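Student: The structure under discussion is supplied below as C-alpha cells; questions concerning it will follow.
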Amino acid sequence: MKEALREAEAAGGENEVPIGAVVVARGRVIARGHNMTERLHDPTAHAEMIALTAATEALGGKYLQDCTLYVTVEPCPMCAAALCWAQVGRIVYGAEDPKRGYSLYSPSLLHPRTEVTSGVLADACGELMIRFFKDKR
C-alpha cells in the first residue's frame with residue numbers, strides 16, 4: 001500500500017485526484033498507475049484502469065487471478081467491473097469512498113472469487129484526498 005500511496009502523491013502533484021494503485025504478482029510490483037483523467041482528458045483513466053492495463057501487458061494476458069491490486073481508495077463501479085473482467089485475485093484498498101465506491105452501488109460487481117481487504121492505511125489514504133479537495137475550495 002505504501003507504493004500505491006507514492007503513486008497517489010504523484011497524482012496529486014500533477015493536479016489529479018490523488019489515487020494510486022499497484023499490482024503485485026509473486027511478491028513483486030508488476031504495474032503501477034495513478035489517476036490521469038486530466039492529463040489524458042479521459043474520464044476512464046483512473047489509477048486502477050492504468051495499473052490494470054499495465055499488469056495485463058506485463059503478464060501477456062487478460063486475467064490476473066494470481067495478482068493483488070493495492071489501491072488507496074475504494075474502486076468506483078467502473079473500475080470494479082473492469083477488475084471483475086480481469087478476474088483479479090485480491091483487492092486491497094485504503095480509504096472507503098462513501099459517495100462513489102463500488103460497494104455503495106453493487107458489492108457484487110467484483111468477481112465472486114476476488115478477495116477484498118479494506119482499511120489498509122486508511123487514514124493516510126483518506127488524508128491525501130481530504131487535503132487535495134480542501135486545497136481546491
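Labels for the C-alpha cells follow display order: chains A, B, ..., residues from 1 in each chain, ligands from 1.
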Neighbours of region 37-50 of chain A within 7 Å (only C-alpha atoms; same-chain residues fewer than 2 positions away dropped), as a count of residues only?
Tutor: 11
Student: Apply DSSP to the backbone of this structure and, from region 13-114 of chain A, keep only the residues in strand (DSSP E or B); write these as a list in words.
Tutor: Gly20, Ala21, Val22, Val23, Val24, Ala25, Arg28, Val29, Ile30, Ala31, Arg32, Gly33, His34, Cys67, Thr68, Leu69, Tyr70, Val71, Thr72, Val73, Arg90, Ile91, Val92, Tyr93, Gly94 and Ala95 of chain A
Student: Please save C-alpha atoms of the selected residues as a PDB file, in the first residue's frame.
Tutor:
```
ATOM      1  CA  GLY A  20      -2.718   5.436  -6.725  1.00  0.00           C
ATOM      2  CA  ALA A  21      -2.629   1.745  -7.494  1.00  0.00           C
ATOM      3  CA  VAL A  22      -0.094  -1.038  -7.869  1.00  0.00           C
ATOM      4  CA  VAL A  23      -0.479  -4.641  -8.977  1.00  0.00           C
ATOM      5  CA  VAL A  24       1.621  -7.313  -7.294  1.00  0.00           C
ATOM      6  CA  ALA A  25       2.330 -10.790  -8.669  1.00  0.00           C
ATOM      7  CA  ARG A  28       6.788  -8.088  -6.793  1.00  0.00           C
ATOM      8  CA  VAL A  29       5.178  -4.986  -8.233  1.00  0.00           C
ATOM      9  CA  ILE A  30       4.448  -5.585 -11.915  1.00  0.00           C
ATOM     10  CA  ALA A  31       2.374  -2.475 -12.620  1.00  0.00           C
ATOM     11  CA  ARG A  32       1.707   0.997 -11.278  1.00  0.00           C
ATOM     12  CA  GLY A  33      -0.828   3.672 -12.001  1.00  0.00           C
ATOM     13  CA  HIS A  34      -2.339   6.865 -10.728  1.00  0.00           C
ATOM     14  CA  CYS A  67      -2.415 -10.884  -8.568  1.00  0.00           C
ATOM     15  CA  THR A  68      -3.241  -8.400  -5.845  1.00  0.00           C
ATOM     16  CA  LEU A  69      -4.294  -4.838  -6.625  1.00  0.00           C
ATOM     17  CA  TYR A  70      -3.441  -2.291  -3.943  1.00  0.00           C
ATOM     18  CA  VAL A  71      -5.360   0.970  -4.346  1.00  0.00           C
ATOM     19  CA  THR A  72      -5.553   3.935  -1.998  1.00  0.00           C
ATOM     20  CA  VAL A  73      -9.315   4.478  -2.323  1.00  0.00           C
ATOM     21  CA  ARG A  90      -7.347  -9.897  -4.432  1.00  0.00           C
ATOM     22  CA  ILE A  91      -8.067  -6.208  -3.942  1.00  0.00           C
ATOM     23  CA  VAL A  92      -6.658  -4.270  -1.013  1.00  0.00           C
ATOM     24  CA  TYR A  93      -7.813  -0.698  -0.572  1.00  0.00           C
ATOM     25  CA  GLY A  94      -7.238   2.061   1.928  1.00  0.00           C
ATOM     26  CA  ALA A  95      -9.962   4.662   2.351  1.00  0.00           C
TER      27      ALA A  95
END
```
Student: Interatomic distance between CA of Val116 (chain A) and CA of Pro18 (chain A)?
Tutor: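 Answer for the CA of Val116 (chain A) to CA of Pro18 (chain A) separation: 21.2 Å.
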Student: Excluding Glu96 (chain A) and any residue of its chain fewer than 2 positions from it, enumerate the residues within 8 Å of it, using only C-alpha atoms, and give them as a CSV table (one decimal) with N, CA, C and O atoms, in the first residue's frame.
Tutor:
```
chain,number,residue,atom,x,y,z
A,73,VAL,N,-7.9,4.2,-2.6
A,73,VAL,CA,-9.3,4.5,-2.3
A,73,VAL,C,-10.2,3.4,-2.9
A,73,VAL,O,-9.8,2.8,-4.0
A,74,GLU,N,-11.3,3.1,-2.3
A,74,GLU,CA,-12.2,2.0,-2.8
A,74,GLU,C,-12.5,2.3,-4.3
A,74,GLU,O,-12.8,3.4,-4.7
A,93,TYR,N,-7.7,-2.1,-0.4
A,93,TYR,CA,-7.8,-0.7,-0.6
A,93,TYR,C,-7.7,0.0,0.8
A,93,TYR,O,-8.0,-0.6,1.8
A,94,GLY,N,-7.4,1.3,0.7
A,94,GLY,CA,-7.2,2.1,1.9
A,94,GLY,C,-8.5,2.7,2.4
A,94,GLY,O,-9.3,2.1,3.1
A,98,PRO,N,-17.5,6.8,0.3
A,98,PRO,CA,-18.9,6.7,0.6
A,98,PRO,C,-19.8,7.3,-0.4
A,98,PRO,O,-21.0,7.1,-0.4
A,101,GLY,N,-17.9,4.8,-4.2
A,101,GLY,CA,-17.3,3.5,-4.1
A,101,GLY,C,-18.3,2.4,-4.7
A,101,GLY,O,-19.5,2.6,-4.6
A,118,SER,N,-10.2,-4.2,3.2
A,118,SER,CA,-10.3,-2.7,3.2
A,118,SER,C,-9.7,-2.1,4.4
A,118,SER,O,-9.4,-2.8,5.4
A,119,GLY,N,-9.5,-0.8,4.4
A,119,GLY,CA,-9.0,-0.1,5.6
A,119,GLY,C,-7.5,-0.1,5.8
A,119,GLY,O,-7.0,0.3,6.8
A,122,ALA,N,-5.8,3.4,5.9
A,122,ALA,CA,-7.0,4.2,5.5
A,122,ALA,C,-6.8,5.7,5.9
A,122,ALA,O,-7.2,6.5,5.1
A,126,GLY,N,-6.9,8.5,3.1
A,126,GLY,CA,-8.0,9.4,3.2
A,126,GLY,C,-7.5,10.9,3.4
A,126,GLY,O,-8.1,11.8,2.8
```
Student: Find the residue from A:Asn15, A:Ser106, A:Gln87, A:Thr117 that sits nearest to Gln65 (chain A); use only C-alpha atoms when measuring.
Tutor: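 Closest to Gln65 (chain A), using only C-alpha atoms: A:Gln87.
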Student: Please report the interatomic distance between CA of Val88 (chain A) and CA of Leu104 (chain A) in Å with one decimal.
Tutor: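 One can read the CA of Val88 (chain A) to CA of Leu104 (chain A) distance as 20.0 Å.
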Student: Per DSSP on the backbone, what are the helix (DSSP H, G or I) residues of region 82-123 of chain A, as a VMD selection string?
Tutor: chain A and resid 82 to 85 102 to 105 107 to 109 122 to 123
Student: Using only C-alpha atoms, which residue out of A:Val17, A:Met1, A:Ala51, A:Ala11 lies closest to Met129 (chain A)?
Tutor: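 Selected residue with least distance to Met129 (chain A): A:Val17.
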